[in-house]
Each structure stands twice: as C-alpha cells, then as structure tokens.
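Trainee: Mind looking over this structure? Questions follow.
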Amino acid sequence: MTLDIGGTAAPRSPFLPFDSFTVEVGSEVPAAVRSAALATRSPFMSVYEVLEGESPYEDPVREAYAALINELHDDEFDEALFELQCHARSMHDEQLAADMPRAEADRLVMQRFAPLIHELEHVVDSVAHRFGPREGAGIVDNEVDSFLDEYTPGSNLAPEFENFFGSLAKKLGKVVKSAAGKAWKGIKQIGLGPILRKLKALIKPLLNRVLQRAIGYLPLAVQPVAQKLAEKLGFAAPKSAPVAVPAALQAPAAADAGSPVQDVAGAEGVSPQQEFDQQIASAFLSQDEIELEMETAQAIETTSASGAPVFAELDDARAQFINELNDLKQGESAEPYVQNFLPAVLPALKLGIRLIGRPRVIGFLAPLVAKLIANLIGPAQAPALSRAMVDAGLKLMNLEMSESDEAELASSAVASTVEEMVSRVASLPDYVLDNQELLEGYALEAFEQAAAANLPAVFSESTYRKRPELLEGGVNAAWVMLPLRGRKRYKRCSQVFTVRISPYMANEVESFEGAPLSEYLQDLLSVPEGGEVDAQVHLYETLPGTTLGDIARAERAVMGPGLSDEVNASQLHPLTPQAAAVLLGKPGLGRLSPAASPGGSLAAGQRLFHLAIPGKRPLFASGSGHHHRAHLRRLLHVRIRLDAQQDQVRTCVFFSEATAQKLAVRLRQSTNLGQLAAGFQRAIASRLKRIFSGDADCRLRLIHAGQRPGQSAGAALNNLPTGASQAFASQLQGWLVQGFAEFVKTQGARFVAATENADDGVSLSFTIEHPPGLKELAQAMVEHGRPGAVAVPAAASTRPTVRVDVFPGHRCV
C-alpha cells in the first residue's frame, strides 16, 4: 500500500470508486514483480554458544516414563492415521455431494469403521490371552513379534484398513515388551492384562477422534490426560499456559471460556498418537486396578466426546454466504450476510481467537466489507467479475461448468476474499486492533491484499501501473474455490504454468522438511540425474481445515487417475516465495508457511504446487510384513533422538532406493572418500537445519526425565537461546559426517550388501555416545522459561564415539 507521509486525506482504495472492468486501449500489462535480493548467510559464520544448566533429573519413574513414550512413538503410525482420515474424508464428501444430510453422512462413516474396531479389539484380546498370564515368567521380544506377524485378521477387514491394523499391532507389541522390560521393574504396580484392557478400551475413542477430524469436527483437547500424568510424575502445576498450547493462542480475558476456538488451539497442540501414548503410559503408572478403571472411564468419556464442529460449520456458513451473495438484489446491501458469516470464520482460524472478546472490531468489519465488495456483487456487477475470472485462464483448468456454476464464480471469489481479509485482520497486533484509526487503514489494506490474492484483473491497466501490489505477483489469475459444487475444500489458481526445470533449479527448490526438489524428481519420478524436464505447474491454496488428501482426491485427473489420495498427496510441495521465484519467476505467488510434514496439518492460506510431467508417475515398492500392499517409495529423510538419559544421540538416515543404489555403485568404484563424505553432508545439512529450527517436529525426539507430558521436542526448542540449537546441529553434522566417512572406509561392503536386498532403500543408524553439550542442551529444552547459556567454543575439544550400523529397508524407528 502506498504510504503518503504528511497527508491528511482518508485512505482511498480503487475498490471503492471503480465502476467497470474496462481496459485502456494502448496500455501495457505491468511487468512481473521481481524478487528482492535475498540475504545470504556466509558458510564461514558460526555460532559459538552452547548451554550450561543444572544436573539432569534423577527420577526412575520419570526416566521410565520418558523411555516408554519414546518406545511407543512410531512415525508410520501417524502415516496410517492420515491414510484412515483420507479414506473417511473421501467417503464423507461423496455422501454430502449426493445431498445426503450431514448427520446421516456422519453416521455412515462411523459405521464403515466398525469392522476395523472389532478386529483391533480382537487382536488385543488375543495378545492378552497369550502373554498376560506369562508376564512374571518372562516374555521374549522375538516371541511377541512372531505372534503378531503370524496373526491374521478376519476376512471382513477391508484392504484400506490393513495398513493401520499392522501399525497398531506393532504398537501393541511395543506395549507388551515394555511391560515385561527391566525399566518398569519395581515401578509398575499392575499387570499386563489390565494395561491391555485399557488399550483395548481406547481404540474406539482414538478412531473416533480421527473420524471427527475427517468430517469437519475438531476434537476436544485431552489436556486432563497430560495434566494427570504431570501430577503422577511429580511436576508442579504450570505457571503459565497449559503445555502444548502456544501463548499466542490463549483466549483473552474477555473471551467466553467455552469458546470453540479454545478447543481448536488445544486440539492442534497434541496429535492423536501423542494422546493415545499418554493414555497408555498413564496405565503403566496406575497404583491399582481401581485407579486404572476410573482413569480408563474418564479417558473414554473425554476422547469420545463430540468435538466442536468448527470446519463443518464454516463449510455450511460459506455455502450459505455464497448463495446469499449470488441472490443479492440490485441495490441491496450485503452487510447483514457479512455479519452472519464472520462468526463462522473466526473459530477456524488459530489467530481468530484474538478477535473474540472484541465485538467492536467485528462490528466495524461488517459494514466496511459490505462497502468494499459492493462493486463486485449484485446483478449488474457480478457477471463482469465472473467473465473476468473465465478470461483469466479458467478454461485451462478443464472444469465442467454449467451456466449456474459460472454465475456463482463471482460470489465464490468474493466470499474467498472476505474470508482471507478476516484472517489477515485476525493476525494484526493488539495495538492495531485496539486503535480505531489504525484499524481502519490496516483493515483496508488487508482487503486489498486479499483481493489481489483471489481476484483477476478488475481495474484498468493504468491502475495496476500505479498500484502494482493490487495484482499479486503481476499475474492476471483467479484463485477458484473447489469443488465447484458441494463443500469447498481448497483453492486452485486459474493459470497453469509451463516450465522447463533444469537440475540447477531443482536443487534450489525445497520441498517439505528441507528436501530438495531434485531428490523427488530423481528418486520418485525416475528423472535422470542432471536431466531437464518440461512440466506443467499447478498451484493450490489451502482453506481452513484443508489436508493434502483433500487436494489429492479432487485433483486425481491432474495428478494420476487410479492412484490413492496418499500417493497423490506426496506429489504436492510447498510454494514458498523462493520456489515461486525459481520455478515461475513470480515470487509474489509464493507464501511463507508454517512448518508441516506431508501428512500433517496445514495452515489456512498455505500454497502448494504439483508438477505434471508427461510420462512420469510415482514409483512403488512391494509390501512386506503387515503391509501387504505395494507402497510408495520413500525419499531420503533424517530422524534424530536426543537421549539425555543414556547420554546418546541416535540418528537414522534413510537412503531412498535410488540414492542407495547410486552410493553402492560409487563404493564399488572406490570413489574418493572425501567426495562421498561431501555428498553425505549435502544430503543432511538442510534437513538438520530444519529439524533443529522446529520446522520438522516429527523428525526430532527428546528423551529426558524432565520433559512434561504432551510437550514435543520441537516446542521444547523454543526454550533455547537464539543460535544454541543450530550450534548443536552444526556439531552433530560434523559427528555424522565423520562417522559416515569411517563407516564407508571400513565397512562399505555392508552397505553394498544391504542394497542387494529386495526391501525399499537402506537405513544407516548412528549412535553417538556421550556427545559434548547434549545433557546441557536437553536440560535447557525442558526448563520452562529458565534457559541458561554460556559462551564457549562451538567445536568440542574431544570427538565422541560414533557407532554406525546398516539395515536394508526402512528401519528408522
């Protein structure tokens, strides 16, 4: 927005006076906005800071709990939960699209999962019958694994449930082995049988929470479970906000205590797997069976409670708002409809909670929005906007549009603009929200930014020459909410970009978790190393509640007919400003987005892209164990466990099948050791940086007796002084590179042998014993608001022992 220093006139917007969609003859389309120079960090700079804290906690109960939570966690369990959610969401959307009442669609989805619940409960009964009475006599780990591998579910288990069944069976085995292990000797007061009965009772509530998310409800946070565990473990009551709920998401004092927005914040803080594992750990800490039964009943009641229909209500309100705008009479004000729509938008926005308790702001927005959209809606204006959207490339999207669909384009685009404007206003700082004069200017700017991001060119070219920020990225495009009919799940850009991607470009674009796009192209699409490809780039944007599966399901025709939602979801990548600049030359089309994993939740407004490359489809690997179906090949990734209790850092580096085979070839050719080590460092450097920045929370685990229940390692990083986590990451990178170099020098043949196995990829497991600074770092991570730092050289004087092992397939557990 242009800033006029010294002016006294009220802020003006071209949205207020414009009266046509005319284009001036002879005018030129403004050039695309070029990227500002990006500041770069010198590779020669380093942080000389590590932490110094008190001695570690020495509490056998806390240590046993930390070890149990670490043992139970499984990234593949999260992937299986995501697959279930995709299946449930797809079924639910199909029912709604057929005009089935929402309540009936909800019931049918719940009914579809009943056989899975039955089979899962049956396998728990079988394990309890087999191993429960033998706990005191000792249970051999291999015996548990063999029993579960040979167990066959009933014939009524659908193929789409097999992956989750296998994942939960794996977790069940971990429970049995942990109960019989040495860590709980003299601590656990009840037997394995009662613990398994509690686990069985928690299966249905766990799936209920997944299904609630799928149908648009946001389950209530199970904060009492974490609080009860904290009390059992001897933690004092937190002095500030509850664990796992960032302070920015706490409701202001004036907010209603029962606001669904509070449920949004709490539920987003802890994943379903975390809640499930905490409930199992609570069983281990029960003093007797009476206490266990009481806690089980409370957990079932809490987790079975119906959550807030946050996204479902937004879906309904958005559909109603679009219809109301579409039916608007000439000269009729949209203010009453805007007034009704805003309350449904706020609960779905994490930052929307900041507006609750500020009815003055909501009251101010409705008339302002109505005035700003007046020239875009109504019988006289809406057809022009719809035609402008069609002319902005909508026909290239190959959508089957009826006349009524085309007529609704304007109303849908305006609704999307209003929704994004509210989101931008909700993120404004308090000093703006509490100052009427400031709010007026900032709200107007928020609308202009939202309009630039959603609407095609609606002004004359001279207007855009004077105000280029009103056309996002300098591209005449529209972002259309899809599907056209039914509940809106995401937005798609009307422009499809044709690009030639060089290997240099692919190396500069990062996908999730810092993985370069080049690895995706080579390892998953089998693009030759160093080769160029021609691709069509399709752009998407999330709405509140959007998952990658929603986009993948609706875009099957683009991404790959016949492929599952989970597979197609893997073909989506974050469209950051850097990615937009490198691929499209339009940095303004990109969005800086919060961290997210491919299967994780996405922030509203996050942008993504898909590359449609002729003749290229994702590669699959054959199934094994419980996973009988072929599965998508995994890409290279890194997982880290900071184990302060054993004073170890355990790091797993999984090499994709293509990468592993290339390394094997170089090992057979006796490639220079330094070259191999340099390539390994390039592969892990960006990933380590992301992990220790908290941008890949699922890849970092902390094992420490002082870690509160529900606190993730990524959140714990926020307790560290600036630069401390990256200083440790730099040290860790050095230890891993040195360990890798020693391994390939002395045991390279073992890696080559692992690549000859039929399993997908190869896993390298690094165990770093007594790494300098680990205990101090972990101690500061669990200290809440009391970290300490001391300036010492970042490079340790002694090198820790690094043990490396190799496994065929994916063994990063």
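Identifiers in this document derive from the order of the structure tokens: chains are assigned A, B, ..., residues are numbered from 1 separately in each chain, and ligands are numbered from 1 in order of occurrence.
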For stretch 385-392 of chain A, work out the shell of residues within 10 Å, counting only C-alpha atoms and skipping chain neighbours fewer than 5 positions away, then give it as a PyMOL selection string.
Mentor: chain A and resi 20-21+375-377+380+397+405-414+454-458+475-480+493-495
Trainee: Keeping only N, CA and C atoms, take the residues you just selected and write them out as a PDB file, in the first residue's frame.
Mentor:
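What landed in selection.pdb:
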ATOM      1  N   SER A  20     -16.143  -0.238 -13.623  1.00  0.00           N
ATOM      2  CA  SER A  20     -16.143  -1.079 -14.822  1.00  0.00           C
ATOM      3  C   SER A  20     -14.928  -1.988 -14.801  1.00  0.00           C
ATOM      4  N   PHE A  21     -14.945  -2.926 -15.731  1.00  0.00           N
ATOM      5  CA  PHE A  21     -13.818  -3.836 -15.916  1.00  0.00           C
ATOM      6  C   PHE A  21     -13.093  -3.506 -17.213  1.00  0.00           C
ATOM      7  N   ASN A 375     -19.147  -3.132  -5.304  1.00  0.00           N
ATOM      8  CA  ASN A 375     -18.962  -3.023  -6.751  1.00  0.00           C
ATOM      9  C   ASN A 375     -18.552  -4.337  -7.403  1.00  0.00           C
ATOM     10  N   LEU A 376     -18.548  -5.432  -6.607  1.00  0.00           N
ATOM     11  CA  LEU A 376     -18.175  -6.734  -7.142  1.00  0.00           C
ATOM     12  C   LEU A 376     -19.343  -7.699  -7.198  1.00  0.00           C
ATOM     13  N   ILE A 377     -20.420  -7.386  -6.513  1.00  0.00           N
ATOM     14  CA  ILE A 377     -21.547  -8.306  -6.400  1.00  0.00           C
ATOM     15  C   ILE A 377     -22.825  -7.628  -6.878  1.00  0.00           C
ATOM     16  N   ALA A 380     -25.848  -6.493 -11.538  1.00  0.00           N
ATOM     17  CA  ALA A 380     -25.165  -5.703 -12.572  1.00  0.00           C
ATOM     18  C   ALA A 380     -23.662  -5.963 -12.599  1.00  0.00           C
ATOM     19  N   MET A 397      -8.343 -24.847 -16.822  1.00  0.00           N
ATOM     20  CA  MET A 397      -8.465 -25.785 -15.707  1.00  0.00           C
ATOM     21  C   MET A 397      -9.309 -26.998 -16.066  1.00  0.00           C
ATOM     22  N   ASP A 405     -22.920 -22.610 -12.508  1.00  0.00           N
ATOM     23  CA  ASP A 405     -21.579 -22.632 -11.899  1.00  0.00           C
ATOM     24  C   ASP A 405     -20.827 -21.357 -12.255  1.00  0.00           C
ATOM     25  N   GLU A 406     -20.905 -20.959 -13.527  1.00  0.00           N
ATOM     26  CA  GLU A 406     -20.202 -19.748 -13.963  1.00  0.00           C
ATOM     27  C   GLU A 406     -20.792 -18.515 -13.295  1.00  0.00           C
ATOM     28  N   ALA A 407     -22.109 -18.530 -13.088  1.00  0.00           N
ATOM     29  CA  ALA A 407     -22.743 -17.383 -12.445  1.00  0.00           C
ATOM     30  C   ALA A 407     -22.301 -17.238 -10.995  1.00  0.00           C
ATOM     31  N   GLU A 408     -21.965 -18.358 -10.363  1.00  0.00           N
ATOM     32  CA  GLU A 408     -21.558 -18.321  -8.958  1.00  0.00           C
ATOM     33  C   GLU A 408     -20.085 -17.989  -8.769  1.00  0.00           C
ATOM     34  N   LEU A 409     -19.322 -17.921  -9.837  1.00  0.00           N
ATOM     35  CA  LEU A 409     -17.884 -17.668  -9.714  1.00  0.00           C
ATOM     36  C   LEU A 409     -17.605 -16.378  -8.952  1.00  0.00           C
ATOM     37  N   ALA A 410     -18.350 -15.315  -9.279  1.00  0.00           N
ATOM     38  CA  ALA A 410     -18.103 -14.024  -8.628  1.00  0.00           C
ATOM     39  C   ALA A 410     -18.395 -14.110  -7.137  1.00  0.00           C
ATOM     40  N   SER A 411     -19.526 -14.697  -6.772  1.00  0.00           N
ATOM     41  CA  SER A 411     -19.887 -14.795  -5.354  1.00  0.00           C
ATOM     42  C   SER A 411     -18.869 -15.634  -4.588  1.00  0.00           C
ATOM     43  N   SER A 412     -18.406 -16.724  -5.194  1.00  0.00           N
ATOM     44  CA  SER A 412     -17.419 -17.583  -4.548  1.00  0.00           C
ATOM     45  C   SER A 412     -16.103 -16.841  -4.358  1.00  0.00           C
ATOM     46  N   ALA A 413     -15.685 -16.080  -5.387  1.00  0.00           N
ATOM     47  CA  ALA A 413     -14.427 -15.326  -5.291  1.00  0.00           C
ATOM     48  C   ALA A 413     -14.514 -14.242  -4.227  1.00  0.00           C
ATOM     49  N   VAL A 414     -15.652 -13.572  -4.132  1.00  0.00           N
ATOM     50  CA  VAL A 414     -15.821 -12.520  -3.125  1.00  0.00           C
ATOM     51  C   VAL A 414     -15.835 -13.136  -1.731  1.00  0.00           C
ATOM     52  N   ASN A 454      -6.927 -13.153  -4.693  1.00  0.00           N
ATOM     53  CA  ASN A 454      -8.053 -14.001  -5.074  1.00  0.00           C
ATOM     54  C   ASN A 454      -8.715 -13.613  -6.386  1.00  0.00           C
ATOM     55  N   LEU A 455      -8.650 -12.343  -6.743  1.00  0.00           N
ATOM     56  CA  LEU A 455      -9.394 -11.859  -7.902  1.00  0.00           C
ATOM     57  C   LEU A 455      -8.485 -11.659  -9.105  1.00  0.00           C
ATOM     58  N   PRO A 456      -9.033 -11.810 -10.306  1.00  0.00           N
ATOM     59  CA  PRO A 456      -8.258 -11.472 -11.505  1.00  0.00           C
ATOM     60  C   PRO A 456      -8.187  -9.964 -11.658  1.00  0.00           C
ATOM     61  N   ALA A 457      -7.632  -9.503 -12.755  1.00  0.00           N
ATOM     62  CA  ALA A 457      -7.535  -8.062 -13.015  1.00  0.00           C
ATOM     63  C   ALA A 457      -8.938  -7.483 -13.205  1.00  0.00           C
ATOM     64  N   VAL A 458      -9.329  -6.583 -12.323  1.00  0.00           N
ATOM     65  CA  VAL A 458     -10.661  -5.977 -12.387  1.00  0.00           C
ATOM     66  C   VAL A 458     -10.598  -4.470 -12.628  1.00  0.00           C
ATOM     67  N   VAL A 475       0.446 -11.305 -11.973  1.00  0.00           N
ATOM     68  CA  VAL A 475      -0.188 -12.332 -12.804  1.00  0.00           C
ATOM     69  C   VAL A 475      -1.693 -12.125 -12.796  1.00  0.00           C
ATOM     70  N   ASN A 476      -2.294 -12.052 -13.975  1.00  0.00           N
ATOM     71  CA  ASN A 476      -3.745 -11.955 -14.071  1.00  0.00           C
ATOM     72  C   ASN A 476      -4.336 -13.354 -13.913  1.00  0.00           C
ATOM     73  N   ALA A 477      -4.646 -13.710 -12.685  1.00  0.00           N
ATOM     74  CA  ALA A 477      -5.157 -15.050 -12.393  1.00  0.00           C
ATOM     75  C   ALA A 477      -6.215 -14.948 -11.310  1.00  0.00           C
ATOM     76  N   ALA A 478      -7.025 -15.979 -11.229  1.00  0.00           N
ATOM     77  CA  ALA A 478      -8.026 -16.080 -10.173  1.00  0.00           C
ATOM     78  C   ALA A 478      -7.752 -17.351  -9.378  1.00  0.00           C
ATOM     79  N   TRP A 479      -8.057 -17.308  -8.092  1.00  0.00           N
ATOM     80  CA  TRP A 479      -7.934 -18.486  -7.246  1.00  0.00           C
ATOM     81  C   TRP A 479      -9.357 -18.967  -6.955  1.00  0.00           C
ATOM     82  N   VAL A 480      -9.709 -20.093  -7.526  1.00  0.00           N
ATOM     83  CA  VAL A 480     -11.087 -20.583  -7.514  1.00  0.00           C
ATOM     84  C   VAL A 480     -11.260 -21.613  -6.399  1.00  0.00           C
ATOM     85  N   CYS A 493      -5.314 -22.133  -8.625  1.00  0.00           N
ATOM     86  CA  CYS A 493      -5.014 -20.983  -9.475  1.00  0.00           C
ATOM     87  C   CYS A 493      -5.490 -21.266 -10.900  1.00  0.00           C
ATOM     88  N   SER A 494      -6.115 -20.261 -11.513  1.00  0.00           N
ATOM     89  CA  SER A 494      -6.641 -20.446 -12.864  1.00  0.00           C
ATOM     90  C   SER A 494      -5.543 -20.525 -13.916  1.00  0.00           C
ATOM     91  N   GLN A 495      -4.338 -20.073 -13.569  1.00  0.00           N
ATOM     92  CA  GLN A 495      -3.225 -20.142 -14.510  1.00  0.00           C
ATOM     93  C   GLN A 495      -2.419 -21.415 -14.282  1.00  0.00           C
TER      94      GLN A 495
END
Trainee: Just want the 9 Å neighbourhood of stretch 140-154 of chain A, counted on only C-alpha atoms, with same-chain residues fewer than 2 positions away dropped. Output as a short mmCIF file (atom, residue, chain, number, x, y, z; two decimals) with C-alpha atoms, in the first residue's frame.
Mentor:
data_model
loop_
_atom_site.label_atom_id
_atom_site.label_comp_id
_atom_site.auth_asym_id
_atom_site.auth_seq_id
_atom_site.Cartn_x
_atom_site.Cartn_y
_atom_site.Cartn_z
CA GLU A 119 -10.69 -56.64 14.60
CA LEU A 120 -8.38 -54.37 16.59
CA HIS A 122 -9.89 -58.91 18.95
CA VAL A 123 -6.12 -58.81 18.39
CA VAL A 127 -2.34 -60.87 22.87
CA PHE A 131 1.04 -63.10 27.14
CA GLY A 138 9.33 -63.57 31.28
CA ASN A 156 -14.18 -58.83 6.89
CA LEU A 157 -11.24 -56.40 7.19
CA GLU A 162 -4.72 -53.27 6.56
CA PHE A 165 -4.13 -52.70 11.54
CA GLY A 166 -0.46 -53.54 11.07
CA ALA A 169 -0.33 -54.32 16.05
CA LYS A 170 3.25 -53.03 16.03
CA LEU A 172 0.71 -53.35 20.74
CA GLY A 173 3.90 -55.39 20.59
CA LYS A 174 5.85 -52.45 22.00
CA VAL A 176 3.89 -55.91 25.75
CA LYS A 177 7.68 -55.74 25.52
CA ALA A 180 7.91 -57.04 30.53
CA GLY A 625 5.03 -57.85 6.84
CA HIS A 626 1.59 -56.50 7.70
#
Trainee: When distances are computed from only C-alpha atoms, which of A:Lys491, A:Lys745, A:Lys586, A:Lys662 shows the smallest separation from A:Gln522?
Mentor: A:Lys662
Trainee: If you count only C-alpha atoms, which residues fall within 10 Å of A:Arg650, apart from same-chain ones fewer than 2 positions away, as a short mmCIF file (atom, residue, chain, number, x, y, z; two decimals) with C-alpha atoms, in the first residue's frame?
Mentor:
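Saved to part.cif:
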data_model
loop_
_atom_site.label_atom_id
_atom_site.label_comp_id
_atom_site.auth_asym_id
_atom_site.auth_seq_id
_atom_site.Cartn_x
_atom_site.Cartn_y
_atom_site.Cartn_z
CA ARG A 639 15.31 -38.82 12.27
CA ILE A 640 17.03 -37.79 15.47
CA ARG A 641 16.60 -38.87 19.09
CA LEU A 642 18.27 -36.83 21.79
CA ASP A 643 18.52 -39.36 24.62
CA ASP A 647 23.72 -39.65 27.03
CA GLN A 648 23.35 -40.60 23.39
CA CYS A 652 18.80 -42.58 11.45
CA ARG A 701 12.51 -36.88 19.64
CA SER A 765 21.80 -45.89 12.19
CA PHE A 766 24.28 -43.61 14.00
CA THR A 767 24.73 -43.88 17.78
CA ILE A 768 26.83 -41.06 19.20
CA GLU A 769 27.99 -41.84 22.73
CA VAL A 802 30.17 -42.77 16.74
CA ARG A 803 28.80 -46.26 16.09
CA VAL A 804 27.21 -46.92 12.69
#
Trainee: Can you tell me how far atom CA of A:Ser526 sits from atom CA of A:Ser511, in Å to one decimal?
Mentor: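 Distance reported for this atom pair: 17.0 Å.
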Trainee: From the DSSP assignment of the backbone, select every residue of stretch 636-724 of chain A that is alpha helix (DSSP H), and format the answer as a PyMOL selection string.
Mentor: chain A and resi 657-668+673-691+713-716+724
Trainee: Listing only residues of stretch 272-312 of chain A within 8 Å of stretch 224-229 of chain A, what is the closest atom pair and its distance in Å (to one decimal) for each, using only C-alpha atoms, sorted by chain and residue number ascending, as a tab-separated table?
Mentor:
residue	atom	partner	partner_atom	distance
A:Glu275	CA	A:Val225	CA	7.7
A:Gln278	CA	A:Ala226	CA	6.9
A:Gln279	CA	A:Val225	CA	6.8
A:Ser282	CA	A:Leu229	CA	6.2
A:Ala299	CA	A:Val225	CA	7.4
Trainee: Mind dumping the selected residues with C-alpha atoms as a PDB file, in the first residue's frame?
Mentor:
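result.pdb, written as the output of this step:
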ATOM      1  CA  GLU A 275      -2.771 -38.612  23.276  1.00  0.00           C
ATOM      2  CA  GLN A 278      -0.054 -40.729  27.049  1.00  0.00           C
ATOM      3  CA  GLN A 279      -3.135 -42.733  27.944  1.00  0.00           C
ATOM      4  CA  SER A 282      -0.990 -43.475  32.424  1.00  0.00           C
ATOM      5  CA  ALA A 299     -10.369 -41.139  29.203  1.00  0.00           C
TER       6      ALA A 299
END
Trainee: Nearest to A:Asp523 among A:Asn326, A:Gln298, A:Ser656, A:Asn340, with distances taken over only C-alpha atoms: which residue is it?
Mentor: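 Smallest distance to A:Asp523 is found for A:Ser656.
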Trainee: I'd like the contact shell of A:Ala179 - 9 Å cut-off, only C-alpha atoms, skipping same-chain residues fewer than 4 positions apart - returned as a ChimeraX atom specification.
Mentor: /A:135,174-175,183-185,188,191-192,195,284
Trainee: Just to confirm, what's the straight-line distance from atom CA of A:Thr542 to atom CA of A:Ala98 in Å (one decimal)?
Mentor: 23.6 Å
Trainee: What is the atom CA of A:Leu68-atom CA of A:Ala644 distance in Å, reported with one decimal?
Mentor: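 Taking atom CA of A:Leu68 and atom CA of A:Ala644, their separation equals 14.2 Å.
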Trainee: Contacts of A:Ser286 at 9 Å or less, counting only C-alpha atoms, minus same-chain residues fewer than 4 places along, as a list in words?
Mentor: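 Skipping anything fewer than 4 positions along the chain leaves Lys188, Gln189, Ile190, Lys232, Ala281, Ser282, Ile290, Glu291, Leu292 and Glu295 of chain A.
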Trainee: Those selected residues, please, written with N, CA and C atoms and delivered as a PDB file, in the first residue's frame.
Mentor:
ATOM      1  N   LYS A 188       5.998 -50.437  38.061  1.00  0.00           N
ATOM      2  CA  LYS A 188       4.645 -50.779  37.620  1.00  0.00           C
ATOM      3  C   LYS A 188       3.949 -51.612  38.694  1.00  0.00           C
ATOM      4  N   GLN A 189       2.755 -51.203  39.107  1.00  0.00           N
ATOM      5  CA  GLN A 189       2.038 -51.851  40.196  1.00  0.00           C
ATOM      6  C   GLN A 189       0.981 -52.837  39.707  1.00  0.00           C
ATOM      7  N   ILE A 190       0.596 -52.762  38.443  1.00  0.00           N
ATOM      8  CA  ILE A 190      -0.453 -53.641  37.947  1.00  0.00           C
ATOM      9  C   ILE A 190       0.102 -54.486  36.805  1.00  0.00           C
ATOM     10  N   LYS A 232       1.238 -37.208  38.363  1.00  0.00           N
ATOM     11  CA  LYS A 232       1.788 -38.504  38.757  1.00  0.00           C
ATOM     12  C   LYS A 232       3.316 -38.494  38.740  1.00  0.00           C
ATOM     13  N   ALA A 281       0.631 -44.757  28.804  1.00  0.00           N
ATOM     14  CA  ALA A 281       1.607 -44.518  29.867  1.00  0.00           C
ATOM     15  C   ALA A 281       0.915 -44.310  31.201  1.00  0.00           C
ATOM     16  N   SER A 282      -0.240 -43.669  31.176  1.00  0.00           N
ATOM     17  CA  SER A 282      -0.990 -43.475  32.424  1.00  0.00           C
ATOM     18  C   SER A 282      -1.363 -44.810  33.047  1.00  0.00           C
ATOM     19  N   ILE A 290      -8.278 -50.409  40.481  1.00  0.00           N
ATOM     20  CA  ILE A 290      -9.396 -49.491  40.701  1.00  0.00           C
ATOM     21  C   ILE A 290      -9.087 -48.134  40.087  1.00  0.00           C
ATOM     22  N   GLU A 291      -7.887 -47.627  40.378  1.00  0.00           N
ATOM     23  CA  GLU A 291      -7.478 -46.349  39.787  1.00  0.00           C
ATOM     24  C   GLU A 291      -7.454 -46.445  38.271  1.00  0.00           C
ATOM     25  N   LEU A 292      -6.959 -47.587  37.762  1.00  0.00           N
ATOM     26  CA  LEU A 292      -6.883 -47.776  36.314  1.00  0.00           C
ATOM     27  C   LEU A 292      -8.267 -47.742  35.685  1.00  0.00           C
ATOM     28  N   GLU A 295      -9.599 -44.152  35.616  1.00  0.00           N
ATOM     29  CA  GLU A 295      -8.943 -43.328  34.605  1.00  0.00           C
ATOM     30  C   GLU A 295      -9.354 -43.752  33.196  1.00  0.00           C
TER      31      GLU A 295
END
